[in-house]
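Structure first, commentary second.
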Amino acid sequence: MDLLSRKYVIEVVCVVGALGPVRYGEIESAFGEVSTSTLSTRLDELTDAGLLMRERYAEIPPRVEYDLTDEGTELCELLKPLLRWVENRDDTEG
């Protein structure tokens, strides 16, 4: 719960789930205003928690891609009803 409650964690899981495998710049562009250090920290935390996998390719320039692990995919699927609920509330309030 501690990890999930951190800023941008749920969003990162959903973005990578929707776009993955995805590069850092694509994740960053999916967010409005997020600092590079915060996003990098969240990606590292999610990778360390086993929810994301990070693959670095031996290319020049270096290429790194992120994708959900099986556990990350399971979490993403569990979050979808919550996101639909939030979206429906926004529609009724707006």
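Following the order of the structure tokens, chains are lettered A, B, ..., residues in each are numbered from 1, and ligands are numbered from 1.
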
**Q.** Every residue of chain A that DSSP places in strand (DSSP E), as a list in words
**A.**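 Answer for chain A, restricted to strand (DSSP E): Val22, Arg23, Leu52, Met53, Arg54, Glu55, Arg56, Tyr57, Arg63, Val64, Glu65, Tyr66, Asp67 and Leu68 of chain A.
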
Q | A:Leu51 surroundings by only C-alpha atoms, 6 Å radius, close-in-sequence under 5 positions cut, as a list in words | A |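 In the requested format, the answer is Leu46, Leu68, Thr69, Glu71 and Gly72 of chain A.
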
Just to be explicit: take each residue in the selection above, keep C-alpha atoms, and write the result as a PDB file, in the first residue's frame.
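After the write, selection_28.pdb holds the following:
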```pdb
ATOM      1  CA  LEU A  46       8.093  -0.146  -9.389  1.00  0.00           C
ATOM      2  CA  LEU A  68       4.657  -4.611 -16.848  1.00  0.00           C
ATOM      3  CA  THR A  69       5.543  -7.905 -15.209  1.00  0.00           C
ATOM      4  CA  GLU A  71       2.149  -8.923 -11.223  1.00  0.00           C
ATOM      5  CA  GLY A  72       2.100  -5.446 -12.759  1.00  0.00           C
TER       6      GLY A  72
END
```

Q: Quick one: pick out all alpha helix (DSSP H) residues within chain A from a backbone DSSP run and write them as a PyMOL selection string.
A: chain A and resi 9-19+24-29+36-48+70-93

Q: Considering only C-alpha atoms, return as number ranges by chain whatever protein or nucleic-acid residues lie within 12 Å of A:Leu43, sequence-local ones (same chain, fewer than 2 positions apart) excluded.
A: A: 3, 6-13, 15-16, 22-24, 27-28, 36-41, 45-54, 64-68

Q: Find, counting only C-alpha atoms, the residue in A:Gly17, A:Ala30, A:Pro61, A:Met1 that gets nearest to A:Glu74.
A: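 Checking each of A:Gly17, A:Ala30, A:Pro61, A:Met1 against A:Glu74, counting only C-alpha atoms, the winner is A:Gly17.
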
Q.
Under the rule that only C-alpha atoms are counted, which of A:Asp90, A:Pro21, A:Pro81, A:Cys76 is the nearest residue to A:Arg56?
A.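 Between A:Asp90, A:Pro21, A:Pro81, A:Cys76, the residue approaching A:Arg56 most closely is A:Pro21.
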
Q | Gap from atom CA of A:Leu79 to atom CA of A:Leu4 - Å, one decimal | A |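 Computed distance, atom CA of A:Leu79 to atom CA of A:Leu4, equals 10.8 Å.
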
Q.
Report, in Å with one decimal, the straight-line distance from atom CA of A:Arg42 to atom CA of A:Val86.
A.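 Atom CA of A:Val86 lies at a distance of 22.3 Å from atom CA of A:Arg42.
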